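**Q** You'll find run_19.pdb just under this line, and it carries PDB, C-alpha atoms, pLDDT in the B column.
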ATOM      1  CA  ILE A   1     -17.383   5.581  11.032  1.00 54.00           C
ATOM      2  CA  ALA A   2     -14.086   7.422  11.073  1.00 72.00           C
ATOM      3  CA  GLY A   3     -11.842   6.980   8.072  1.00 93.00           C
ATOM      4  CA  ILE A   4     -12.028   3.785   6.083  1.00 96.00           C
ATOM      5  CA  THR A   5     -13.547   0.535   7.299  1.00 96.00           C
ATOM      6  CA  GLN A   6     -13.441  -2.996   5.940  1.00 97.00           C
ATOM      7  CA  ALA A   7     -15.624  -5.964   6.755  1.00 97.00           C
ATOM      8  CA  PRO A   8     -15.256  -8.732   7.648  1.00 97.00           C
ATOM      9  CA  THR A   9     -11.865  -8.639   9.382  1.00 96.00           C
ATOM     10  CA  SER A  10     -11.350 -12.299   8.624  1.00 97.00           C
ATOM     11  CA  GLN A  11     -13.188 -15.090   6.858  1.00 97.00           C
ATOM     12  CA  ILE A  12     -12.757 -18.747   6.044  1.00 97.00           C
ATOM     13  CA  LEU A  13     -14.518 -19.564   2.793  1.00 96.00           C
ATOM     14  CA  ALA A  14     -15.174 -22.806   0.963  1.00 97.00           C
ATOM     15  CA  ALA A  15     -13.854 -22.965  -2.581  1.00 97.00           C
ATOM     16  CA  GLY A  16     -16.523 -22.213  -5.154  1.00 97.00           C
ATOM     17  CA  ARG A  17     -18.489 -19.906  -2.867  1.00 97.00           C
ATOM     18  CA  ARG A  18     -19.248 -16.284  -3.657  1.00 97.00           C
ATOM     19  CA  MET A  19     -17.956 -13.629  -1.280  1.00 97.00           C
ATOM     20  CA  THR A  20     -18.155  -9.845  -1.097  1.00 98.00           C
ATOM     21  CA  LEU A  21     -15.619  -7.859   0.887  1.00 98.00           C
ATOM     22  CA  ARG A  22     -16.973  -4.517   2.006  1.00 98.00           C
ATOM     23  CA  CYS A  23     -15.154  -1.200   2.121  1.00 98.00           C
ATOM     24  CA  THR A  24     -16.621   2.104   3.270  1.00 97.00           C
ATOM     25  CA  GLN A  25     -15.003   5.507   3.735  1.00 97.00           C
ATOM     26  CA  ASP A  26     -16.423   8.723   5.141  1.00 95.00           C
ATOM     27  CA  MET A  27     -13.709  11.089   3.950  1.00 94.00           C
ATOM     28  CA  ARG A  28     -15.387  11.882   0.598  1.00 93.00           C
ATOM     29  CA  HIS A  29     -12.314  10.624  -1.225  1.00 94.00           C
ATOM     30  CA  ASN A  30     -12.937  10.206  -4.931  1.00 94.00           C
ATOM     31  CA  ALA A  31     -10.421   7.402  -5.564  1.00 95.00           C
ATOM     32  CA  MET A  32     -10.611   3.963  -3.998  1.00 96.00           C
ATOM     33  CA  TYR A  33      -8.437   0.873  -4.413  1.00 96.00           C
ATOM     34  CA  TRP A  34      -8.364  -2.821  -3.618  1.00 98.00           C
ATOM     35  CA  TYR A  35      -5.020  -4.557  -3.005  1.00 97.00           C
ATOM     36  CA  ARG A  36      -4.060  -8.047  -2.024  1.00 97.00           C
ATOM     37  CA  GLN A  37      -0.935  -8.708  -0.013  1.00 96.00           C
ATOM     38  CA  ASP A  38       0.876 -12.013  -0.173  1.00 93.00           C
ATOM     39  CA  LEU A  39       4.166 -13.000   1.416  1.00 85.00           C
ATOM     40  CA  GLY A  40       7.050 -12.219  -0.888  1.00 77.00           C
ATOM     41  CA  LEU A  41       4.849 -10.440  -3.423  1.00 80.00           C
ATOM     42  CA  GLY A  42       3.968  -7.239  -1.614  1.00 85.00           C
ATOM     43  CA  LEU A  43       0.799  -5.272  -2.272  1.00 92.00           C
ATOM     44  CA  ARG A  44      -0.704  -5.826  -5.709  1.00 94.00           C
ATOM     45  CA  LEU A  45      -3.524  -3.739  -7.136  1.00 94.00           C
ATOM     46  CA  ILE A  46      -6.676  -5.679  -8.011  1.00 97.00           C
ATOM     47  CA  HIS A  47      -9.121  -2.964  -9.088  1.00 97.00           C
ATOM     48  CA  TYR A  48      -9.457   0.752  -8.597  1.00 95.00           C
ATOM     49  CA  SER A  49     -11.967   3.540  -9.047  1.00 96.00           C
ATOM     50  CA  ASN A  50     -11.072   7.173  -9.659  1.00 93.00           C
ATOM     51  CA  THR A  51     -14.611   8.402  -9.077  1.00 94.00           C
ATOM     52  CA  ALA A  52     -18.106   7.094  -8.402  1.00 95.00           C
ATOM     53  CA  GLY A  53     -19.462   5.272 -11.438  1.00 96.00           C
ATOM     54  CA  THR A  54     -16.069   4.297 -12.880  1.00 96.00           C
ATOM     55  CA  THR A  55     -13.744   1.368 -12.220  1.00 96.00           C
ATOM     56  CA  GLY A  56     -10.535   0.051 -13.698  1.00 94.00           C
ATOM     57  CA  LYS A  57      -8.422  -3.082 -13.646  1.00 95.00           C
ATOM     58  CA  GLY A  58      -5.189  -3.272 -11.760  1.00 93.00           C
ATOM     59  CA  GLU A  59      -2.350  -5.752 -11.919  1.00 91.00           C
ATOM     60  CA  VAL A  60      -4.271  -8.872 -10.785  1.00 96.00           C
ATOM     61  CA  PRO A  61      -7.996  -8.427 -11.614  1.00 97.00           C
ATOM     62  CA  ASP A  62      -8.905 -11.973 -12.691  1.00 97.00           C
ATOM     63  CA  GLY A  63     -11.490 -13.636 -10.465  1.00 97.00           C
ATOM     64  CA  TYR A  64     -12.555 -10.335  -8.888  1.00 98.00           C
ATOM     65  CA  SER A  65     -15.129  -7.691  -9.674  1.00 98.00           C
ATOM     66  CA  VAL A  66     -15.927  -4.309  -8.151  1.00 98.00           C
ATOM     67  CA  SER A  67     -18.617  -1.675  -8.318  1.00 97.00           C
ATOM     68  CA  ARG A  68     -18.715   1.982  -7.308  1.00 98.00           C
ATOM     69  CA  ALA A  69     -22.324   3.023  -7.045  1.00 97.00           C
ATOM     70  CA  ASN A  70     -21.511   5.950  -4.750  1.00 97.00           C
ATOM     71  CA  THR A  71     -18.528   7.810  -3.322  1.00 96.00           C
ATOM     72  CA  ASP A  72     -18.382   5.979   0.000  1.00 97.00           C
ATOM     73  CA  ASP A  73     -18.570   2.287  -0.898  1.00 98.00           C
ATOM     74  CA  PHE A  74     -16.316   0.064  -2.975  1.00 98.00           C
ATOM     75  CA  PRO A  75     -17.174  -3.635  -2.548  1.00 98.00           C
ATOM     76  CA  LEU A  76     -14.950  -6.383  -3.936  1.00 98.00           C
ATOM     77  CA  THR A  77     -16.632  -9.610  -5.065  1.00 98.00           C
ATOM     78  CA  LEU A  78     -15.112 -13.028  -5.584  1.00 97.00           C
ATOM     79  CA  ALA A  79     -17.643 -14.794  -7.812  1.00 95.00           C
ATOM     80  CA  SER A  80     -16.314 -18.298  -7.203  1.00 97.00           C
ATOM     81  CA  ALA A  81     -13.464 -18.392  -4.705  1.00 97.00           C
ATOM     82  CA  VAL A  82     -10.345 -20.483  -5.311  1.00 98.00           C
ATOM     83  CA  PRO A  83      -7.546 -21.348  -2.853  1.00 97.00           C
ATOM     84  CA  SER A  84      -5.101 -19.024  -4.675  1.00 97.00           C
ATOM     85  CA  GLN A  85      -7.272 -16.121  -3.531  1.00 98.00           C
ATOM     86  CA  THR A  86      -6.234 -16.793   0.045  1.00 97.00           C
ATOM     87  CA  SER A  87      -4.627 -13.501   1.005  1.00 97.00           C
ATOM     88  CA  VAL A  88      -4.920 -10.340   3.050  1.00 97.00           C
ATOM     89  CA  TYR A  89      -7.041  -7.758   1.250  1.00 98.00           C
ATOM     90  CA  PHE A  90      -6.631  -4.039   1.833  1.00 98.00           C
ATOM     91  CA  CYS A  91      -8.946  -1.301   0.684  1.00 98.00           C
ATOM     92  CA  ALA A  92      -7.601   2.244   0.354  1.00 97.00           C
ATOM     93  CA  SER A  93      -8.876   5.675  -0.590  1.00 96.00           C
ATOM     94  CA  ARG A  94      -7.409   9.063  -1.439  1.00 93.00           C
ATOM     95  CA  LYS A  95      -8.226  12.431  -2.936  1.00 90.00           C
ATOM     96  CA  THR A  96      -6.872  12.639  -6.446  1.00 84.00           C
ATOM     97  CA  ASP A  97      -6.081  16.343  -6.483  1.00 77.00           C
ATOM     98  CA  GLY A  98      -2.491  17.018  -5.575  1.00 71.00           C
ATOM     99  CA  ASN A  99       0.143  14.874  -3.972  1.00 69.00           C
ATOM    100  CA  THR A 100      -2.151  13.242  -1.463  1.00 83.00           C
ATOM    101  CA  GLU A 101      -1.615  10.071   0.500  1.00 88.00           C
ATOM    102  CA  ALA A 102      -3.787   6.975   0.500  1.00 92.00           C
ATOM    103  CA  PHE A 103      -5.497   5.812   3.665  1.00 94.00           C
ATOM    104  CA  PHE A 104      -5.942   2.102   4.256  1.00 96.00           C
ATOM    105  CA  GLY A 105      -8.547  -0.004   5.950  1.00 97.00           C
ATOM    106  CA  GLN A 106      -7.537  -2.545   8.570  1.00 96.00           C
ATOM    107  CA  GLY A 107      -7.535  -5.396   6.085  1.00 97.00           C
ATOM    108  CA  THR A 108      -9.549  -8.582   5.549  1.00 98.00           C
ATOM    109  CA  ARG A 109      -7.775 -11.876   6.073  1.00 97.00           C
ATOM    110  CA  LEU A 110      -9.395 -14.373   3.702  1.00 98.00           C
ATOM    111  CA  THR A 111      -8.700 -18.098   3.656  1.00 97.00           C
ATOM    112  CA  VAL A 112     -10.198 -20.185   0.867  1.00 97.00           C
ATOM    113  CA  VAL A 113     -10.262 -23.910   1.622  1.00 96.00           C
TER     114      VAL A 113
ATOM    115  CA  ARG B   1      11.207  -6.202 -14.173  1.00 70.00           C
ATOM    116  CA  LYS B   2       8.886  -4.951 -11.430  1.00 81.00           C
ATOM    117  CA  GLU B   3       7.716  -1.385 -11.714  1.00 89.00           C
ATOM    118  CA  VAL B   4       8.892  -0.562  -8.184  1.00 94.00           C
ATOM    119  CA  GLU B   5      11.747  -2.523  -6.631  1.00 94.00           C
ATOM    120  CA  GLN B   6      13.134  -2.647  -3.131  1.00 94.00           C
ATOM    121  CA  ASP B   7      15.700  -4.776  -1.340  1.00 92.00           C
ATOM    122  CA  PRO B   8      13.544  -7.000   0.897  1.00 91.00           C
ATOM    123  CA  GLY B   9      16.190  -7.141   3.645  1.00 90.00           C
ATOM    124  CA  PRO B  10      15.962  -7.769   6.500  1.00 94.00           C
ATOM    125  CA  PHE B  11      18.216  -5.002   7.675  1.00 95.00           C
ATOM    126  CA  ASN B  12      19.333  -5.850  11.200  1.00 97.00           C
ATOM    127  CA  VAL B  13      20.762  -2.793  12.959  1.00 97.00           C
ATOM    128  CA  PRO B  14      21.557  -1.859  16.565  1.00 97.00           C
ATOM    129  CA  GLU B  15      19.727   0.930  18.340  1.00 97.00           C
ATOM    130  CA  GLY B  16      21.177   4.310  17.477  1.00 97.00           C
ATOM    131  CA  ALA B  17      22.417   3.246  14.055  1.00 97.00           C
ATOM    132  CA  THR B  18      21.748   5.079  10.815  1.00 97.00           C
ATOM    133  CA  VAL B  19      20.161   2.993   8.079  1.00 97.00           C
ATOM    134  CA  ALA B  20      19.235   3.808   4.488  1.00 96.00           C
ATOM    135  CA  PHE B  21      16.850   2.157   2.061  1.00 94.00           C
ATOM    136  CA  ASN B  22      16.670   2.671  -1.678  1.00 94.00           C
ATOM    137  CA  CYS B  23      13.822   2.083  -4.071  1.00 95.00           C
ATOM    138  CA  THR B  24      13.963   2.147  -7.860  1.00 96.00           C
ATOM    139  CA  TYR B  25      11.053   2.750 -10.222  1.00 95.00           C
ATOM    140  CA  SER B  26      10.814   2.029 -13.929  1.00 94.00           C
ATOM    141  CA  ASN B  27       8.170   4.494 -15.137  1.00 90.00           C
ATOM    142  CA  SER B  28       9.862   7.810 -15.909  1.00 88.00           C
ATOM    143  CA  ALA B  29       6.435   9.498 -15.985  1.00 88.00           C
ATOM    144  CA  SER B  30       5.786   8.715 -12.318  1.00 88.00           C
ATOM    145  CA  GLN B  31       4.432  11.770 -10.576  1.00 86.00           C
ATOM    146  CA  SER B  32       4.364  11.298  -6.818  1.00 91.00           C
ATOM    147  CA  PHE B  33       6.341   9.271  -4.355  1.00 94.00           C
ATOM    148  CA  PHE B  34       5.756   8.125  -0.807  1.00 95.00           C
ATOM    149  CA  TRP B  35       7.221   6.012   1.951  1.00 97.00           C
ATOM    150  CA  TYR B  36       4.769   3.949   3.979  1.00 97.00           C
ATOM    151  CA  ARG B  37       5.394   1.959   7.114  1.00 97.00           C
ATOM    152  CA  GLN B  38       3.676  -1.360   7.787  1.00 96.00           C
ATOM    153  CA  ASP B  39       3.752  -3.177  11.099  1.00 95.00           C
ATOM    154  CA  CYS B  40       3.174  -6.908  11.268  1.00 91.00           C
ATOM    155  CA  ARG B  41      -0.453  -7.825  10.452  1.00 87.00           C
ATOM    156  CA  LYS B  42      -1.460  -4.158  10.213  1.00 94.00           C
ATOM    157  CA  GLU B  43      -2.404  -1.836   7.406  1.00 95.00           C
ATOM    158  CA  PRO B  44       0.214   0.393   5.715  1.00 96.00           C
ATOM    159  CA  LYS B  45       0.401   3.951   7.034  1.00 95.00           C
ATOM    160  CA  LEU B  46       2.021   6.984   5.484  1.00 94.00           C
ATOM    161  CA  LEU B  47       5.473   7.739   6.852  1.00 96.00           C
ATOM    162  CA  MET B  48       6.239  10.636   4.550  1.00 95.00           C
ATOM    163  CA  SER B  49       5.756  11.995   1.078  1.00 92.00           C
ATOM    164  CA  VAL B  50       8.878  12.486  -1.018  1.00 93.00           C
ATOM    165  CA  TYR B  51       9.374  15.884  -2.604  1.00 87.00           C
ATOM    166  CA  SER B  52      11.687  16.779  -5.481  1.00 87.00           C
ATOM    167  CA  SER B  53      13.939  18.875  -3.275  1.00 87.00           C
ATOM    168  CA  GLY B  54      14.126  16.213  -0.588  1.00 88.00           C
ATOM    169  CA  ASN B  55      12.463  16.489   2.786  1.00 93.00           C
ATOM    170  CA  GLU B  56      13.077  15.721   6.412  1.00 94.00           C
ATOM    171  CA  ASP B  57      10.772  14.814   9.264  1.00 94.00           C
ATOM    172  CA  GLY B  58      12.612  14.410  12.535  1.00 96.00           C
ATOM    173  CA  ARG B  59      14.939  11.419  12.236  1.00 97.00           C
ATOM    174  CA  PHE B  60      13.668  10.565   8.752  1.00 97.00           C
ATOM    175  CA  THR B  61      14.972  12.009   5.484  1.00 97.00           C
ATOM    176  CA  ALA B  62      13.594  11.220   2.040  1.00 96.00           C
ATOM    177  CA  GLN B  63      15.310  11.973  -1.244  1.00 96.00           C
ATOM    178  CA  LEU B  64      14.193  11.733  -4.869  1.00 95.00           C
ATOM    179  CA  ASN B  65      16.547  11.320  -7.813  1.00 94.00           C
ATOM    180  CA  ARG B  66      14.461  11.597 -10.980  1.00 92.00           C
ATOM    181  CA  ALA B  67      17.437  11.222 -13.324  1.00 93.00           C
ATOM    182  CA  SER B  68      18.322   7.822 -11.869  1.00 93.00           C
ATOM    183  CA  GLN B  69      14.722   6.978 -10.969  1.00 94.00           C
ATOM    184  CA  TYR B  70      15.187   6.123  -7.348  1.00 93.00           C
ATOM    185  CA  ILE B  71      14.037   7.359  -3.996  1.00 96.00           C
ATOM    186  CA  SER B  72      15.705   6.836  -0.658  1.00 96.00           C
ATOM    187  CA  LEU B  73      14.810   6.851   3.007  1.00 97.00           C
ATOM    188  CA  LEU B  74      17.365   7.563   5.714  1.00 97.00           C
ATOM    189  CA  ILE B  75      16.624   6.813   9.349  1.00 98.00           C
ATOM    190  CA  ARG B  76      18.968   8.297  11.932  1.00 98.00           C
ATOM    191  CA  ASP B  77      19.329   7.217  15.550  1.00 98.00           C
ATOM    192  CA  SER B  78      17.241   4.073  15.052  1.00 98.00           C
ATOM    193  CA  LYS B  79      14.777   3.138  17.777  1.00 97.00           C
ATOM    194  CA  LEU B  80      13.389  -0.278  18.637  1.00 97.00           C
ATOM    195  CA  SER B  81      10.005   1.098  17.591  1.00 97.00           C
ATOM    196  CA  ASP B  82      11.304   1.692  14.063  1.00 98.00           C
ATOM    197  CA  SER B  83      11.220  -2.069  13.464  1.00 97.00           C
ATOM    198  CA  ALA B  84       8.719  -2.540  10.647  1.00 97.00           C
ATOM    199  CA  THR B  85       8.464  -3.003   6.893  1.00 96.00           C
ATOM    200  CA  TYR B  86       8.986   0.128   4.817  1.00 97.00           C
ATOM    201  CA  LEU B  87       7.097   0.352   1.550  1.00 96.00           C
ATOM    202  CA  CYS B  88       8.045   2.535  -1.383  1.00 96.00           C
ATOM    203  CA  VAL B  89       4.986   3.817  -3.295  1.00 95.00           C
ATOM    204  CA  VAL B  90       4.823   5.470  -6.703  1.00 93.00           C
ATOM    205  CA  LYS B  91       1.844   7.246  -8.242  1.00 90.00           C
ATOM    206  CA  ASN B  92       1.482   7.383 -12.005  1.00 84.00           C
ATOM    207  CA  ALA B  93      -0.645   9.560 -14.261  1.00 77.00           C
ATOM    208  CA  GLY B  94      -3.616   7.217 -14.023  1.00 76.00           C
ATOM    209  CA  ASN B  95      -3.883   7.742 -10.253  1.00 79.00           C
ATOM    210  CA  MET B  96      -2.781   4.183  -9.633  1.00 84.00           C
ATOM    211  CA  LEU B  97      -0.477   3.602  -6.692  1.00 89.00           C
ATOM    212  CA  THR B  98       2.174   0.944  -7.186  1.00 91.00           C
ATOM    213  CA  PHE B  99       3.927  -0.545  -4.182  1.00 93.00           C
ATOM    214  CA  GLY B 100       7.368  -1.987  -3.883  1.00 93.00           C
ATOM    215  CA  GLY B 101       7.708  -5.303  -2.108  1.00 92.00           C
ATOM    216  CA  GLY B 102       8.891  -3.612   1.068  1.00 94.00           C
ATOM    217  CA  THR B 103      12.114  -3.570   3.072  1.00 95.00           C
ATOM    218  CA  ARG B 104      12.063  -5.137   6.480  1.00 95.00           C
ATOM    219  CA  LEU B 105      13.946  -3.352   9.265  1.00 97.00           C
ATOM    220  CA  MET B 106      14.764  -4.920  12.605  1.00 97.00           C
ATOM    221  CA  VAL B 107      16.322  -2.691  15.243  1.00 98.00           C
ATOM    222  CA  LYS B 108      17.914  -4.582  18.095  1.00 96.00           C
ATOM    223  CA  PRO B 109      18.968  -3.490  21.583  1.00 95.00           C
TER     224      PRO B 109
END
Could you take the file, read its structure, and then write that structure out as C-alpha cells?

**A**
Amino acid sequence: IAGITQAPTSQILAAGRRMTLRCTQDMRHNAMYWYRQDLGLGLRLIHYSNTAGTTGKGEVPDGYSVSRANTDDFPLTLASAVPSQTSVYFCASRKTDGNTEAFFGQGTRLTVV
Amino acid sequence: RKEVEQDPGPFNVPEGATVAFNCTYSNSASQSFFWYRQDCRKEPKLLMSVYSSGNEDGRFTAQLNRASQYISLLIRDSKLSDSATYLCVVKNAGNMLTFGGGTRLMVKP
C-alpha cells in the first residue's frame, strides 16, 4: 500500500442493507476524514478522527458511523442504506502538526437503489 | 451562509489567458488555507497551500486577505491541462477541513 486506499471503488447497494466502506493509510497520519461529494454541493464532511480512539461528527453525520481502532484504518458504516446516500465518498488523512495538506483516497462510488 | 464560498463558474477562457478565482470564508478563526485541484471523477489533490504573505508556484499565485476573509488563486498563461475544478479549503482550530463548492475552469484552444 502506498498512501491512502479505499475499497470498494464502486458498489450498487439495495436500500436497507448494511455497508462498510474501507479506508487504509500507511503514512502514519493521525487525522482521518470521510467526505461525500454530490453534484452542486461539493465535499461535505461526514465524520473525522484526530487520533486513534477518537472520532467526531462533521456536517452530515446522520445515517453513518465510524470507528478508529488504530492509526491506519478508518471504516465508514452505513447501517441501513437509503437512496439519498447515493454519492461519491472520499477518505482523507493528514498530519495535524503544522500547515499540512490532506491526502485523498481514490473515492468510492456508491449507488443505493 | 456557507462557511466557504466559491463562484461555481464555469470560467471559459482561451489558452494563454490569465484567470483569477476568489473564495470567501466566514470563520475569522480559520488557521490554514489551501487550493486543491480536482479532475473529473478523480480525487482532489493539493495544488498549493496559501501563506499569509502570498506565494507563487510557477504560473500559479495564491493570496490571503485575512481582513476581508478571502483567498485568491491566479493562473497565468492558461494551458488546456489546467481545465479542472479548483477547490478552496479552510482548516479551523478543530482540525476540520471545510471545502468550498469548487470553481470549474475550462481552457479552450

**Q** For the PyMOL selection byres ((chain B and resi 92) around 8), applied here, can you spell out every residue it catches as a ChimeraX atom specification?

**A** /B:27,29-32,90-91,93-97

**Q** Contacts from chain B to chain A, 12 Å maximum, all atoms listed in the file: show me the residue list as a PDB file with C-alpha atoms, keeping the file's coordinate frame.

**A**
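Produced file result-v6.pdb, reproduced below:
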ATOM      1  CA  LYS B   2       8.886  -4.951 -11.430  1.00 81.00           C
ATOM      2  CA  GLU B   3       7.716  -1.385 -11.714  1.00 89.00           C
ATOM      3  CA  VAL B   4       8.892  -0.562  -8.184  1.00 94.00           C
ATOM      4  CA  GLU B   5      11.747  -2.523  -6.631  1.00 94.00           C
ATOM      5  CA  GLN B   6      13.134  -2.647  -3.131  1.00 94.00           C
ATOM      6  CA  ASP B   7      15.700  -4.776  -1.340  1.00 92.00           C
ATOM      7  CA  PRO B   8      13.544  -7.000   0.897  1.00 91.00           C
ATOM      8  CA  GLY B   9      16.190  -7.141   3.645  1.00 90.00           C
ATOM      9  CA  SER B  30       5.786   8.715 -12.318  1.00 88.00           C
ATOM     10  CA  GLN B  31       4.432  11.770 -10.576  1.00 86.00           C
ATOM     11  CA  SER B  32       4.364  11.298  -6.818  1.00 91.00           C
ATOM     12  CA  PHE B  33       6.341   9.271  -4.355  1.00 94.00           C
ATOM     13  CA  PHE B  34       5.756   8.125  -0.807  1.00 95.00           C
ATOM     14  CA  TRP B  35       7.221   6.012   1.951  1.00 97.00           C
ATOM     15  CA  TYR B  36       4.769   3.949   3.979  1.00 97.00           C
ATOM     16  CA  ARG B  37       5.394   1.959   7.114  1.00 97.00           C
ATOM     17  CA  GLN B  38       3.676  -1.360   7.787  1.00 96.00           C
ATOM     18  CA  ASP B  39       3.752  -3.177  11.099  1.00 95.00           C
ATOM     19  CA  CYS B  40       3.174  -6.908  11.268  1.00 91.00           C
ATOM     20  CA  ARG B  41      -0.453  -7.825  10.452  1.00 87.00           C
ATOM     21  CA  LYS B  42      -1.460  -4.158  10.213  1.00 94.00           C
ATOM     22  CA  GLU B  43      -2.404  -1.836   7.406  1.00 95.00           C
ATOM     23  CA  PRO B  44       0.214   0.393   5.715  1.00 96.00           C
ATOM     24  CA  LYS B  45       0.401   3.951   7.034  1.00 95.00           C
ATOM     25  CA  LEU B  46       2.021   6.984   5.484  1.00 94.00           C
ATOM     26  CA  LEU B  47       5.473   7.739   6.852  1.00 96.00           C
ATOM     27  CA  MET B  48       6.239  10.636   4.550  1.00 95.00           C
ATOM     28  CA  SER B  49       5.756  11.995   1.078  1.00 92.00           C
ATOM     29  CA  VAL B  50       8.878  12.486  -1.018  1.00 93.00           C
ATOM     30  CA  TYR B  51       9.374  15.884  -2.604  1.00 87.00           C
ATOM     31  CA  SER B  52      11.687  16.779  -5.481  1.00 87.00           C
ATOM     32  CA  THR B  85       8.464  -3.003   6.893  1.00 96.00           C
ATOM     33  CA  TYR B  86       8.986   0.128   4.817  1.00 97.00           C
ATOM     34  CA  LEU B  87       7.097   0.352   1.550  1.00 96.00           C
ATOM     35  CA  CYS B  88       8.045   2.535  -1.383  1.00 96.00           C
ATOM     36  CA  VAL B  89       4.986   3.817  -3.295  1.00 95.00           C
ATOM     37  CA  VAL B  90       4.823   5.470  -6.703  1.00 93.00           C
ATOM     38  CA  LYS B  91       1.844   7.246  -8.242  1.00 90.00           C
ATOM     39  CA  ASN B  92       1.482   7.383 -12.005  1.00 84.00           C
ATOM     40  CA  ALA B  93      -0.645   9.560 -14.261  1.00 77.00           C
ATOM     41  CA  GLY B  94      -3.616   7.217 -14.023  1.00 76.00           C
ATOM     42  CA  ASN B  95      -3.883   7.742 -10.253  1.00 79.00           C
ATOM     43  CA  MET B  96      -2.781   4.183  -9.633  1.00 84.00           C
ATOM     44  CA  LEU B  97      -0.477   3.602  -6.692  1.00 89.00           C
ATOM     45  CA  THR B  98       2.174   0.944  -7.186  1.00 91.00           C
ATOM     46  CA  PHE B  99       3.927  -0.545  -4.182  1.00 93.00           C
ATOM     47  CA  GLY B 100       7.368  -1.987  -3.883  1.00 93.00           C
ATOM     48  CA  GLY B 101       7.708  -5.303  -2.108  1.00 92.00           C
ATOM     49  CA  GLY B 102       8.891  -3.612   1.068  1.00 94.00           C
ATOM     50  CA  THR B 103      12.114  -3.570   3.072  1.00 95.00           C
ATOM     51  CA  ARG B 104      12.063  -5.137   6.480  1.00 95.00           C
TER      52      ARG B 104
END

**Q** Pick out the residues sitting within 12 Å of Leu110 of chain A, and hand them over as a PyMOL selection string; count all atoms listed in the file, and ignore anything fewer than 4 positions along from it in its own chain.

**A** chain A and resi 7-15+19-21+36-38+78+81-90

**Q** Counting all atoms listed in the file, which of A:Val112, A:Ile46, A:Ala2, A:Ala52 gets nearest to Phe74 of chain A?

**A** A:Ala52

**Q** Would you write out, as a compact mmCIF listing (two decimals) with C-alpha atoms, in the frame of the given file, every residue that the PyMOL selection byres ((chain A and resi 79) around 8) captures in this file?

**A**
# COMPACT_ATOMS: atom_id res chain seq x y z
CA GLY A 16 -16.52 -22.21 -5.15
CA ARG A 17 -18.49 -19.91 -2.87
CA ARG A 18 -19.25 -16.28 -3.66
CA MET A 19 -17.96 -13.63 -1.28
CA GLY A 63 -11.49 -13.64 -10.46
CA TYR A 64 -12.56 -10.34 -8.89
CA SER A 65 -15.13 -7.69 -9.67
CA THR A 77 -16.63 -9.61 -5.07
CA LEU A 78 -15.11 -13.03 -5.58
CA SER A 80 -16.31 -18.30 -7.20
CA ALA A 81 -13.46 -18.39 -4.70

**Q** What's the separation between atom CA of Pro14 of chain B and atom CA of Ala84 of chain B, in Å to one decimal place?

**A**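 A separation of 14.2 Å between them.
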
**Q** Would you kindly identify which residues have an atom no farther than 8 Å from (18.3, 13.6, 13.4), using all atoms listed in the file and the file's own coordinates, and write them out as a list in words?

**A**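 Answer for this query, in the requested form: Gly58, Arg59, Phe60, Arg76 and Asp77 of chain B.
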
**Q** Would you mind telling me which residue in A:Ser93, A:Arg22, A:Thr108, A:Gly3 lies nearest to Ser67 of chain A when using all atoms listed in the file?

**A** A:Arg22

**Q** Let me make sure I understand: among B:Asn12, B:Leu80, B:Asn22, B:Ile71, which one has the smallest atom-to-atom distance to Asn55 of chain B if we use all atoms listed in the file?

**A** B:Ile71

**Q** What's around Ala67 of chain B at 10 Å? Count all atoms listed in the file, leave out sequence neighbours fewer than 3 positions away in its own chain, and write the answer as a PDB file with C-alpha atoms, in the coordinates of the input.

**A**
ATOM      1  CA  SER B  28       9.862   7.810 -15.909  1.00 88.00           C
ATOM      2  CA  LEU B  64      14.193  11.733  -4.869  1.00 95.00           C
ATOM      3  CA  TYR B  70      15.187   6.123  -7.348  1.00 93.00           C
TER       4      TYR B  70
END

**Q** Output, as JSON, the centre and edge lengths in Å (one decimal) of the axis-aligned box that contains all listed atoms of segment 76-91 of chain B with 3 Å of margin on each side.

**A**
{"center_x": 10.6, "center_y": 2.6, "center_z": 5.2, "size_x": 23.5, "size_y": 17.3, "size_z": 32.9}
